[in-house]
$ cat upload.txt   # compact mmCIF, C-alpha atoms and all ligand atoms
# COMPACT_ATOMS: atom_id res chain seq x y z
CA MET A 113 -31.23 9.43 41.71
CA ALA A 114 -28.13 7.55 42.79
CA VAL A 115 -24.79 8.93 41.52
CA ASP A 116 -22.41 6.20 40.37
CA GLN A 117 -18.85 6.01 41.70
CA ASP A 118 -17.15 7.42 38.58
CA THR A 119 -19.41 10.46 38.44
CA GLN A 120 -18.93 11.04 42.15
CA HIS A 121 -15.14 10.94 41.70
CA MET A 122 -15.29 13.36 38.76
CA LEU A 123 -17.38 15.82 40.75
CA GLN A 124 -15.00 15.59 43.68
CA THR A 125 -11.92 16.29 41.54
CA GLU A 126 -13.49 19.12 39.49
CA PRO A 127 -11.19 22.14 40.03
CA ALA A 128 -12.48 25.15 41.83
CA PRO A 129 -12.89 28.30 39.61
CA ASP A 130 -9.71 29.81 41.10
CA ASP A 131 -7.67 26.82 39.88
CA LEU A 132 -8.69 27.16 36.22
CA ASP A 133 -5.78 27.87 33.90
CA LEU A 134 -6.19 29.55 30.52
CA SER A 135 -2.49 29.94 29.74
CA TRP A 136 -2.81 27.27 27.00
CA MET A 137 -4.58 29.94 24.95
CA GLU A 138 -1.21 31.63 24.46
CA SER A 139 0.54 28.43 23.45
CA THR A 140 -0.22 28.20 19.74
CA GLY A 141 1.29 27.25 16.44
CA GLU A 142 0.98 29.67 13.54
CA ARG A 143 -2.52 31.21 13.40
CA GLY A 144 -4.66 33.25 11.04
CA PHE A 145 -5.22 30.79 8.22
CA TRP A 146 -8.43 30.54 6.27
CA ALA A 147 -7.76 27.46 4.17
CA LYS A 148 -10.20 27.43 1.25
CA PRO A 149 -11.47 24.36 -0.63
CA GLY A 150 -9.82 23.84 -4.01
CA ARG A 151 -11.00 21.98 -7.11
CA ARG A 152 -11.14 18.69 -5.19
CA GLY A 153 -12.41 20.11 -1.89
CA LEU A 154 -10.45 21.01 1.22
CA THR A 155 -7.58 18.64 0.66
CA LEU A 156 -4.30 18.37 2.56
CA GLU A 157 -2.76 20.51 -0.17
CA GLU A 158 -4.96 23.44 0.88
CA ILE A 159 -4.10 23.18 4.58
CA ASN A 160 -0.38 22.59 4.08
CA GLN A 161 0.45 26.27 4.38
CA GLY A 162 3.19 28.12 6.27
CA SER A 163 4.77 26.10 9.04
CA TYR A 164 2.06 23.46 8.57
CA GLY A 165 3.30 22.73 5.08
CA ASN A 166 6.97 22.24 5.95
CA PRO A 167 7.86 18.64 6.77
CA PRO A 168 11.30 18.77 8.41
CA GLU A 169 14.22 16.97 6.77
CA PHE A 170 14.89 15.42 10.18
CA SER A 171 12.24 15.33 12.90
CA GLU A 172 13.43 16.29 16.38
CA ASN A 173 9.95 15.57 17.66
CA MET A 174 9.73 12.23 19.48
CA THR A 175 6.37 13.07 21.04
CA MET A 176 2.81 12.83 19.81
CA ALA A 177 2.70 16.52 18.91
CA PRO A 178 1.47 17.08 15.35
CA ARG A 179 3.48 19.14 12.86
CA GLY A 180 2.94 22.84 13.49
CA ALA A 181 1.68 22.48 17.09
CA ALA A 182 3.34 24.45 19.89
CA PRO A 183 5.94 22.29 21.65
CA ARG A 184 5.21 21.27 25.22
CA SER A 185 7.82 20.22 27.74
CA GLY A 186 7.63 17.25 30.07
CA VAL A 187 5.59 15.00 27.79
CA PRO A 188 6.59 11.38 27.23
CA ARG A 189 8.43 10.22 24.15
CA ILE A 190 6.52 7.81 21.95
CA GLY A 191 9.44 6.26 20.13
CA TYR A 192 9.07 7.42 16.54
CA HIS A 193 12.49 6.19 15.48
CA VAL A 194 12.20 6.74 11.73
CA ARG A 195 12.86 10.47 11.68
CA GLU A 196 14.70 11.17 8.43
CA LYS A 197 12.30 12.55 5.81
CA SER A 198 14.20 11.10 2.84
CA ASP A 199 13.92 7.60 4.35
CA ILE A 200 10.13 7.53 3.97
CA TRP A 201 8.99 10.49 1.88
CA SER A 202 7.00 10.34 -1.31
CA GLN A 203 6.00 13.56 -3.05
CA ASN A 204 2.54 12.23 -3.92
CA ALA A 205 1.62 10.75 -0.49
CA ALA A 206 -0.92 13.47 0.40
CA MET A 207 -2.60 13.37 -3.01
CA LEU A 208 -2.73 9.55 -3.00
CA TYR A 209 -4.29 9.59 0.47
CA GLU A 210 -7.01 12.00 -0.66
CA GLU A 211 -7.67 9.88 -3.73
CA ALA A 212 -7.85 6.74 -1.60
CA VAL A 213 -10.45 8.30 0.69
CA GLN A 214 -12.53 9.49 -2.25
CA ARG A 215 -12.39 6.17 -4.11
CA GLN A 216 -13.20 3.66 -1.38
CA TRP A 217 -15.56 0.93 -2.53
CA SER A 218 -17.46 -1.88 -0.88
CA SER A 219 -16.88 -5.54 -1.72
CA ALA A 220 -20.34 -6.19 -0.26
CA THR A 221 -22.29 -3.88 -2.57
CA ASP A 222 -20.08 -2.66 -5.45
CA ILE A 223 -19.46 -6.11 -6.94
CA PRO A 224 -22.42 -7.57 -8.88
CA TRP A 225 -22.13 -10.96 -7.15
CA ASP A 226 -25.40 -12.13 -8.76
CA GLU A 227 -23.60 -12.18 -12.11
CA LEU A 228 -21.26 -15.01 -11.08
CA GLN A 229 -21.63 -17.99 -13.41
CA PRO A 230 -21.49 -21.66 -12.35
CA LEU A 231 -18.14 -23.08 -13.56
CA PRO A 232 -16.94 -26.64 -14.19
CA ASP A 233 -15.62 -28.09 -10.93
CA HIS A 234 -11.93 -28.07 -11.88
CA VAL A 235 -12.14 -24.44 -13.06
CA GLU A 236 -13.85 -23.44 -9.81
CA ARG A 237 -11.09 -25.25 -7.89
CA ALA A 238 -8.49 -23.29 -9.84
CA TYR A 239 -10.33 -20.04 -9.02
CA SER A 240 -10.46 -21.04 -5.36
CA GLN A 241 -6.72 -21.74 -5.32
CA PHE A 242 -5.96 -18.43 -7.02
CA CYS A 243 -8.17 -16.55 -4.55
CA THR A 244 -6.57 -18.33 -1.58
CA PHE A 245 -3.16 -17.20 -2.83
CA LEU A 246 -4.38 -13.63 -3.38
CA THR A 247 -5.91 -13.50 0.10
CA GLU A 248 -2.52 -14.40 1.59
CA VAL A 249 -0.82 -11.75 -0.51
CA GLU A 250 -3.28 -9.09 0.62
CA PHE A 251 -2.82 -9.95 4.31
CA ILE A 252 0.90 -9.20 4.04
CA ALA A 253 0.28 -6.06 1.97
CA GLY A 254 -1.83 -4.73 4.86
CA ASP A 255 0.19 -6.05 7.79
CA THR A 256 3.45 -4.60 6.47
CA PRO A 257 2.58 -0.87 6.23
CA SER A 258 0.81 -1.14 9.58
CA GLN A 259 4.15 -2.16 11.18
CA TRP A 260 5.74 1.06 9.96
CA LEU A 261 3.01 3.45 11.12
CA PRO A 262 4.08 3.65 14.79
CA GLN A 263 7.70 4.21 13.80
CA ILE A 264 7.28 7.25 11.55
CA SER A 265 7.28 10.75 13.06
CA ASN A 266 3.94 12.56 13.26
CA GLU A 267 5.66 15.44 11.48
CA HIS A 268 5.69 13.32 8.34
CA TYR A 269 1.98 12.72 8.68
CA GLU A 270 1.21 12.59 4.94
CA VAL A 271 3.13 9.32 4.67
CA LYS A 272 1.35 7.91 7.73
CA LEU A 273 -2.05 8.79 6.29
CA PHE A 274 -1.18 7.19 2.98
CA LEU A 275 0.03 3.98 4.68
CA ALA A 276 -3.16 3.89 6.76
CA SER A 277 -5.20 4.16 3.55
CA GLN A 278 -3.18 1.28 2.09
CA VAL A 279 -4.00 -0.87 5.12
CA MET A 280 -7.71 -0.20 4.50
CA ASP A 281 -7.39 -0.94 0.77
CA GLU A 282 -5.65 -4.24 1.46
CA ALA A 283 -8.32 -5.22 4.00
CA ARG A 284 -10.88 -4.81 1.25
CA HIS A 285 -8.77 -6.78 -1.23
CA LEU A 286 -8.31 -9.71 1.08
CA ASP A 287 -12.02 -9.74 1.82
CA VAL A 288 -13.11 -9.50 -1.82
CA PHE A 289 -10.95 -12.48 -2.86
CA ARG A 290 -12.10 -14.46 0.16
CA LYS A 291 -15.68 -13.65 -0.78
CA ARG A 292 -15.10 -14.74 -4.38
CA ALA A 293 -13.70 -18.07 -3.17
CA LEU A 294 -16.83 -18.70 -1.12
CA ALA A 295 -19.47 -17.24 -3.43
CA ASN A 296 -19.55 -19.71 -6.30
CA GLY A 297 -19.66 -23.21 -4.89
CA GLY A 298 -15.97 -23.47 -3.96
CA GLY A 299 -14.04 -22.57 -0.84
CA LEU A 300 -10.49 -21.90 0.24
CA MET A 301 -7.75 -24.21 -0.99
CA SER A 302 -4.20 -24.70 0.26
CA GLY A 303 -1.97 -21.91 1.52
CA GLY A 304 1.26 -21.08 -0.31
CA PRO A 305 4.89 -21.44 0.81
CA GLY A 306 4.99 -17.70 1.56
CA THR A 307 8.73 -17.13 1.07
CA GLY A 308 8.35 -13.96 -0.99
CA LEU A 309 5.73 -12.61 1.35
CA ARG A 310 7.94 -13.25 4.37
CA ALA A 311 10.72 -11.16 2.77
CA ILE A 312 8.33 -8.20 2.52
CA ILE A 313 7.28 -8.18 6.14
CA SER A 314 10.81 -8.92 7.40
CA ALA A 315 12.47 -5.95 5.66
CA ARG A 316 14.33 -3.87 8.27
CA ASP A 317 14.56 -0.66 6.29
CA PHE A 318 11.57 1.32 4.96
CA SER A 319 13.05 1.76 1.48
CA GLU A 320 13.95 -1.92 1.34
CA MET A 321 10.36 -2.78 2.26
CA SER A 322 8.96 -0.29 -0.26
CA ALA A 323 11.22 -1.53 -3.08
CA ILE A 324 10.23 -5.16 -2.51
CA MET A 325 6.57 -4.61 -1.66
CA HIS A 326 5.38 -1.51 -3.56
CA ILE A 327 7.56 -1.79 -6.64
CA ILE A 328 8.17 -5.51 -7.17
CA GLY A 329 5.33 -7.30 -5.35
CA GLU A 330 2.44 -4.90 -5.83
CA GLY A 331 3.75 -3.87 -9.23
CA PHE A 332 3.52 -7.48 -10.40
CA ILE A 333 0.11 -7.89 -8.79
CA GLN A 334 -1.14 -4.71 -10.44
CA SER A 335 -0.03 -5.90 -13.88
CA LEU A 336 -1.84 -9.17 -13.17
CA PHE A 337 -5.04 -7.38 -12.09
CA ARG A 338 -4.86 -5.22 -15.20
CA SER A 339 -5.06 -8.47 -17.14
CA GLY A 340 -8.15 -9.33 -15.07
CA GLU A 341 -10.45 -9.50 -18.10
CA LEU A 342 -8.59 -12.68 -19.11
CA LEU A 343 -9.20 -14.16 -15.67
CA SER A 344 -12.88 -13.29 -15.53
CA ASN A 345 -15.91 -15.38 -16.31
CA SER A 346 -18.42 -12.75 -15.28
CA GLU A 347 -18.93 -9.05 -14.70
CA ALA A 348 -18.46 -9.70 -10.96
CA GLU A 349 -14.88 -10.89 -11.46
CA LYS A 350 -14.10 -8.14 -13.97
CA ARG A 351 -15.26 -5.48 -11.51
CA MET A 352 -13.31 -7.13 -8.67
CA PHE A 353 -10.02 -6.96 -10.59
CA ARG A 354 -10.71 -3.48 -12.01
CA LEU A 355 -11.41 -1.95 -8.60
CA ALA A 356 -8.46 -3.72 -6.95
CA ALA A 357 -6.14 -2.57 -9.77
CA GLN A 358 -7.27 1.01 -9.24
CA ASP A 359 -6.21 0.76 -5.57
CA GLU A 360 -2.93 -1.01 -6.39
CA SER A 361 -1.94 1.78 -8.75
CA ARG A 362 -1.80 4.13 -5.74
CA HIS A 363 0.39 1.76 -3.73
CA VAL A 364 2.79 1.26 -6.62
CA SER A 365 2.86 4.98 -7.35
CA PHE A 366 3.79 5.76 -3.73
CA GLY A 367 6.72 3.33 -3.97
CA VAL A 368 7.95 4.72 -7.27
CA MET A 369 7.88 8.30 -6.01
CA HIS A 370 9.51 7.27 -2.73
CA MET A 371 12.37 5.64 -4.60
CA LYS A 372 12.71 8.72 -6.83
CA HIS A 373 12.83 11.05 -3.82
CA MET A 374 15.28 8.85 -1.97
CA LEU A 375 17.64 8.49 -4.94
CA GLU A 376 17.58 12.25 -5.47
CA THR A 377 18.25 13.10 -1.83
CA GLU A 378 20.48 10.15 -0.90
CA PRO A 379 22.24 9.15 -4.15
CA GLU A 380 24.80 7.20 -2.14
CA ARG A 381 22.08 4.62 -1.45
CA ARG A 382 21.81 3.54 -5.10
CA GLU A 383 23.90 0.35 -4.74
CA GLU A 384 22.10 -0.56 -1.55
CA ILE A 385 18.77 -0.30 -3.39
CA HIS A 386 20.11 -2.50 -6.19
CA SER A 387 21.00 -5.12 -3.57
CA TYR A 388 17.41 -5.11 -2.28
CA LEU A 389 16.12 -5.50 -5.82
CA ASP A 390 18.63 -8.31 -6.48
CA SER A 391 17.20 -10.39 -3.67
CA GLY A 392 13.58 -9.26 -4.24
CA GLU A 393 13.63 -10.19 -7.93
CA LYS A 394 15.13 -13.61 -7.19
CA ILE A 395 12.49 -14.34 -4.60
CA PHE A 396 9.65 -13.28 -6.87
CA ALA A 397 11.09 -15.13 -9.86
CA GLY A 398 11.42 -18.32 -7.83
CA THR A 399 8.55 -18.47 -5.41
CA GLY A 400 6.50 -15.35 -5.92
CA VAL A 401 3.41 -14.68 -7.94
CA SER A 402 4.19 -17.36 -10.47
CA ALA A 403 5.03 -20.41 -8.40
CA SER A 404 3.26 -20.00 -5.10
CA GLY A 405 0.83 -22.62 -3.90
CA GLY A 406 -0.19 -23.95 -7.31
CA SER A 407 -0.75 -20.49 -8.77
CA VAL A 408 1.00 -21.30 -12.03
CA GLU A 409 -1.24 -24.27 -12.61
CA SER A 410 -4.38 -22.54 -11.38
CA LEU A 411 -3.66 -19.52 -13.59
CA GLY A 412 -2.94 -21.84 -16.53
CA ILE A 413 -6.36 -23.46 -16.07
CA LEU A 414 -8.16 -20.13 -15.66
CA LEU A 415 -6.47 -18.48 -18.63
CA GLY A 416 -6.91 -21.52 -20.85
CA GLY A 417 -10.49 -22.17 -19.78
CA GLY A 418 -9.98 -25.66 -18.35
CA VAL A 419 -7.43 -28.35 -17.52
CA LYS A 420 -7.48 -29.58 -21.14
CA HIS A 421 -6.43 -26.15 -22.40
CA MET A 422 -3.75 -25.53 -19.81
CA ASP A 423 -1.01 -25.27 -22.46
CA GLU A 424 -2.81 -22.41 -24.08
CA GLY A 425 -3.36 -20.87 -20.64
CA LEU A 426 0.33 -21.08 -19.81
CA LYS A 427 1.18 -19.24 -23.04
CA LYS A 428 -1.16 -16.44 -21.96
CA LEU A 429 0.47 -16.51 -18.55
CA LEU A 430 3.86 -16.01 -20.16
CA ALA A 431 2.48 -12.95 -21.97
CA ILE A 432 1.25 -11.62 -18.61
CA ARG A 433 4.67 -12.28 -17.07
CA LYS A 434 6.27 -10.25 -19.89
CA ARG A 435 3.86 -7.45 -19.19
CA GLN A 436 4.76 -7.62 -15.49
CA VAL A 437 8.49 -7.44 -16.20
CA ASN A 438 8.22 -4.58 -18.68
CA GLU A 439 5.88 -2.53 -16.52
CA TYR A 440 8.30 -3.12 -13.61
CA MET A 441 11.19 -1.84 -15.73
CA HIS A 442 9.18 1.22 -16.75
CA ARG A 443 8.48 2.05 -13.09
CA LEU A 444 12.16 1.76 -12.28
CA GLU A 445 12.97 4.19 -15.11
CA VAL A 446 10.44 6.69 -13.71
CA ALA A 447 12.07 6.30 -10.27
CA GLY A 448 15.49 7.08 -11.78
CA LEU A 449 16.82 3.53 -11.75
CA GLY A 450 17.02 2.89 -15.50
CA ASP A 451 20.39 1.18 -15.00
CA ARG A 452 18.47 -1.74 -13.54
CA ARG A 453 17.91 -2.92 -17.12
CA GLU A 454 21.49 -4.22 -17.23
CA ARG A 455 21.33 -5.76 -13.78
CA MET A 456 17.96 -7.45 -13.70
CA THR A 457 17.82 -11.11 -12.67
CA SER A 458 18.36 -13.49 -15.59
CA ALA A 459 14.92 -14.95 -14.91
CA PHE A 460 13.36 -11.65 -16.05
CA SER A 461 15.87 -9.95 -18.34
CA PRO A 462 15.14 -12.06 -21.48
CA MET A 463 11.54 -10.80 -21.30
CA LEU A 464 12.50 -7.13 -21.48
CA ASN A 465 11.47 -5.24 -24.59
CA PRO A 466 14.31 -3.28 -26.18
CA ALA A 467 14.88 0.12 -24.51
FE FE A 501 -3.88 -5.30 -2.58
FE FE A 502 -1.57 -3.01 -2.60

$ encode --input "upload.txt" --output "structure tokens"
Amino acid sequence: MAVDQDTQHMLQTEPAPDDLDLSWMESTGERGFWAKPGRRGLTLEEINQGSYGNPPEFSENMTMAPRGAAPRSGVPRIGYHVREKSDIWSQNAAMLYEEAVQRQWSSATDIPWDELQPLPDHVERAYSQFCTFLTEVEFIAGDTPSQWLPQISNEHYEVKLFLASQVMDEARHLDVFRKRALANGGGLMSGGPGTGLRAIISARDFSEMSAIMHIIGEGFIQSLFRSGELLSNSEAEKRMFRLAAQDESRHVSFGVMHMKHMLETEPERREEIHSYLDSGEKIFAGTGVSASGGSVESLGILLGGGVKHMDEGLKKLLAIRKRQVNEYMHRLEVAGLGDRRERMTSAFSPMLNPA
């Protein structure tokens, strides 16, 4: 049998027995753990013991070495420039990651697509426009966390795992809305102006990005998905919004707990965070969920049940907007930013329920 060139090279460079080196056996992190599965299996909580469970406040590690591994000299730096724990940390990141892995679903098989009902043409066009808008939103929600992954230290791996799970969730969301647009006689409609979405992906600071994306953007989207029954004509659409809302609640929760951690550990950043929310709220009030690419009109048609009943639909949309604003305020209170109530953009503040 002929030996190919690669195999020949490998055989030629195989070290002789005298050259073998077993010194790596002495180079270990902490040893002697027998992590045992807990109530939800062998989760990150169970393995985060001893030195493995101590994320540093500031990571000195610029290499690929995982937290708890023995350091090795002479290895290249990777360029993990976001090294401060408080800049990215969220207490619930590990738990949210585990939940994300356990609750993955398939847009191909978990949505009862056969239940879709034929709709009047103008209603189907409104659905198509709404789904086109949502598909754009979901692209940004996936692209943005993926930009941050290669910047965060491996020693803060829980946050990286959570962000990776968000990227997967958003991939599924963009595909489920794209599928809905194409599964009932419609297609994609026109893309939106994208101003609000551009602000999310352009944020230069992690907490700025998280405040605008997780808390404002995804918070508003989650409140909208929670009202999905009103936007559904079939069990397929209800299931689509219910499953997407379940995923969004993790993304929003990460952002809320990140803001809480950051405000507790870096209280001097409070005004800076308000400034991000000032611009984020204005963008979302002006060109965000409500006014992007015909979404107001398409939502008015869907909620009213047709072009003729758009007025009624727009009243329902206003009720959803109130829900969005009040749920947003509640999240800010949980994060420790209750003083936002007095500073919220005038486009939202009249909708706030009394404290
Ligand atoms: Fe999403
Ligand atoms: Fe999301």

$ residues_around --input "upload.txt" --residues "Leu228 in chain A" --least-positions-apart "5" --cutoff "10 Å" --atoms "only C-alpha atoms" --output "JSON, numbers by chain"
{"A": [223, 292, 295, 296, 344, 345, 346, 347, 348, 349]}

$ closest_atom_pairs --input "upload.txt" --of "chain A" --to "ligand FE 501 (chain A)" --cutoff "7 Å" --atoms "all atoms listed in the file" --output "JSON lines"
{"residue": "A:Glu250", "atom": "CA", "partner": "A:FE501", "partner_atom": "FE", "distance": 5.0}
{"residue": "A:Ala253", "atom": "CA", "partner": "A:FE501", "partner_atom": "FE", "distance": 6.2}
{"residue": "A:Asp281", "atom": "CA", "partner": "A:FE501", "partner_atom": "FE", "distance": 6.5}
{"residue": "A:Glu282", "atom": "CA", "partner": "A:FE501", "partner_atom": "FE", "distance": 4.5}
{"residue": "A:His285", "atom": "CA", "partner": "A:FE501", "partner_atom": "FE", "distance": 5.3}
{"residue": "A:Ala356", "atom": "CA", "partner": "A:FE501", "partner_atom": "FE", "distance": 6.5}
{"residue": "A:Glu360", "atom": "CA", "partner": "A:FE501", "partner_atom": "FE", "distance": 5.8}

$ closest_residue --input "upload.txt" --among "A:Val271, A:Leu429, A:Leu261, A:Ala293" --to "Gly340 in chain A" --atoms "only C-alpha atoms"
A:Leu429

$ atom_distance --input "upload.txt" --atom1 "CA of Ala177 in chain A" --atom2 "CA of Ile264 in chain A"
12.7 Å

$ closest_residue --input "upload.txt" --among "A:Cys243, A:Ile313, A:Leu415, A:Val279" --to "Lys291 in chain A" --atoms "all atoms listed in the file"
A:Cys243

$ residues_around --input "upload.txt" --residues "Gly165 in chain A" --least-positions-apart "6" --cutoff "12 Å" --atoms "all atoms listed in the file" --output "ChimeraX atom specification"
/A:142,156-159,178-180,206,267-270

$ closest_residue --input "upload.txt" --among "A:Ser410, A:Thr247, A:Ser361, A:Ser139" --to "ligand FE 502 (chain A)" --atoms "only C-alpha atoms and all ligand atoms"
A:Ser361

$ closest_residue --input "upload.txt" --among "A:His442, A:Arg151, A:His370, A:Arg433" --to "Ile385 in chain A" --atoms "all atoms listed in the file"
A:His370

$ closest_residue --input "upload.txt" --among "A:Ile324, A:Leu300, A:Trp201, A:Leu343" --to "Lys272 in chain A" --atoms "all atoms listed in the file"
A:Trp201

$ atom_distance --input "upload.txt" --atom1 "CA of Val213 in chain A" --atom2 "CA of Asp287 in chain A"
18.1 Å

$ residues_around --input "upload.txt" --residues "Ile333 in chain A" --least-positions-apart "3" --cutoff "12 Å" --atoms "only C-alpha atoms" --output "ChimeraX atom specification"
/A:245-246,249-250,253,285,325-330,336-340,353,356-361,363-364,396,400-402,432-433,435-437,439-440

$ residues_around --input "upload.txt" --residues "Glu236 in chain A" --least-positions-apart "5" --cutoff "10 Å" --atoms "all atoms listed in the file" --output "list in words"
Pro230, Leu231, Gln241, Phe242, Ala293, Asn296, Gly297, Gly298, Gly299, Ser410, Ile413, Leu414 and Gly418 of chain A

$ atom_distance --input "upload.txt" --atom1 "CA of Ala315 in chain A" --atom2 "CA of Glu383 in chain A"
16.7 Å

$ decode --input "upload.txt" --residues "range 362-437 of chain A" --atoms "C-alpha atoms" --output "short mmCIF file (atom, residue, chain, number, x, y, z; two decimals), in the first residue's frame"
data_model
loop_
_atom_site.label_atom_id
_atom_site.label_comp_id
_atom_site.auth_asym_id
_atom_site.auth_seq_id
_atom_site.Cartn_x
_atom_site.Cartn_y
_atom_site.Cartn_z
CA ARG A 362 -32.55 34.95 29.41
CA HIS A 363 -30.92 37.69 27.34
CA VAL A 364 -32.75 40.43 29.20
CA SER A 365 -31.99 38.81 32.55
CA PHE A 366 -28.26 38.70 31.75
CA GLY A 367 -28.33 42.44 30.99
CA VAL A 368 -30.24 43.32 34.15
CA MET A 369 -27.87 41.35 36.36
CA HIS A 370 -24.85 42.77 34.54
CA MET A 371 -26.05 46.30 35.18
CA LYS A 372 -26.72 45.44 38.84
CA HIS A 373 -23.24 43.98 39.28
CA MET A 374 -21.59 46.89 37.51
CA LEU A 375 -23.46 49.53 39.52
CA GLU A 376 -22.56 47.75 42.76
CA THR A 377 -18.88 47.38 41.91
CA GLU A 378 -18.37 50.59 39.92
CA PRO A 379 -20.92 53.07 41.33
CA GLU A 380 -19.00 55.93 39.73
CA ARG A 381 -20.30 54.72 36.35
CA ARG A 382 -23.95 55.55 37.16
CA GLU A 383 -24.06 58.84 35.20
CA GLU A 384 -22.27 57.25 32.28
CA ILE A 385 -24.94 54.52 32.18
CA HIS A 386 -27.68 57.14 32.27
CA SER A 387 -26.07 58.79 29.24
CA TYR A 388 -26.21 55.49 27.31
CA LEU A 389 -29.86 55.09 28.25
CA ASP A 390 -30.58 58.71 27.25
CA SER A 391 -29.41 58.06 23.71
CA GLY A 392 -30.75 54.47 23.58
CA GLU A 393 -34.26 55.51 24.64
CA LYS A 394 -34.35 58.34 22.11
CA ILE A 395 -33.30 56.03 19.31
CA PHE A 396 -35.88 53.40 20.23
CA ALA A 397 -38.62 55.97 20.73
CA GLY A 398 -37.92 57.50 17.32
CA THR A 399 -36.90 54.74 14.99
CA GLY A 400 -36.92 51.53 16.98
CA VAL A 401 -39.49 48.83 17.37
CA SER A 402 -42.38 51.17 16.74
CA ALA A 403 -41.42 53.07 13.62
CA SER A 404 -39.04 50.85 11.71
CA GLY A 405 -39.81 49.84 8.16
CA GLY A 406 -43.60 50.10 8.38
CA SER A 407 -43.79 48.17 11.64
CA VAL A 408 -46.29 50.55 13.21
CA GLU A 409 -48.65 50.13 10.32
CA SER A 410 -48.06 46.40 9.96
CA LEU A 411 -48.61 45.89 13.70
CA GLY A 412 -51.74 48.06 13.53
CA ILE A 413 -53.13 45.82 10.78
CA LEU A 414 -52.20 42.60 12.59
CA LEU A 415 -53.56 43.70 15.95
CA GLY A 416 -56.74 45.11 14.44
CA GLY A 417 -57.31 42.17 12.12
CA GLY A 418 -57.17 44.09 8.83
CA VAL A 419 -56.55 47.46 7.20
CA LYS A 420 -60.14 48.54 7.96
CA HIS A 421 -59.60 47.99 11.68
CA MET A 422 -56.21 49.62 11.89
CA ASP A 423 -57.43 52.25 14.37
CA GLU A 424 -58.42 49.56 16.78
CA GLY A 425 -55.09 47.84 16.14
CA LEU A 426 -53.15 51.00 16.91
CA LYS A 427 -54.97 51.33 20.25
CA LYS A 428 -53.83 47.80 21.11
CA LEU A 429 -50.34 48.74 19.99
CA LEU A 430 -50.36 51.67 22.40
CA ALA A 431 -51.29 49.26 25.21
CA ILE A 432 -48.33 47.07 24.20
CA ARG A 433 -46.05 50.12 24.17
CA LYS A 434 -47.18 50.93 27.73
CA ARG A 435 -46.40 47.40 28.74
CA GLN A 436 -42.95 47.72 27.14
CA VAL A 437 -42.19 50.96 28.97
#
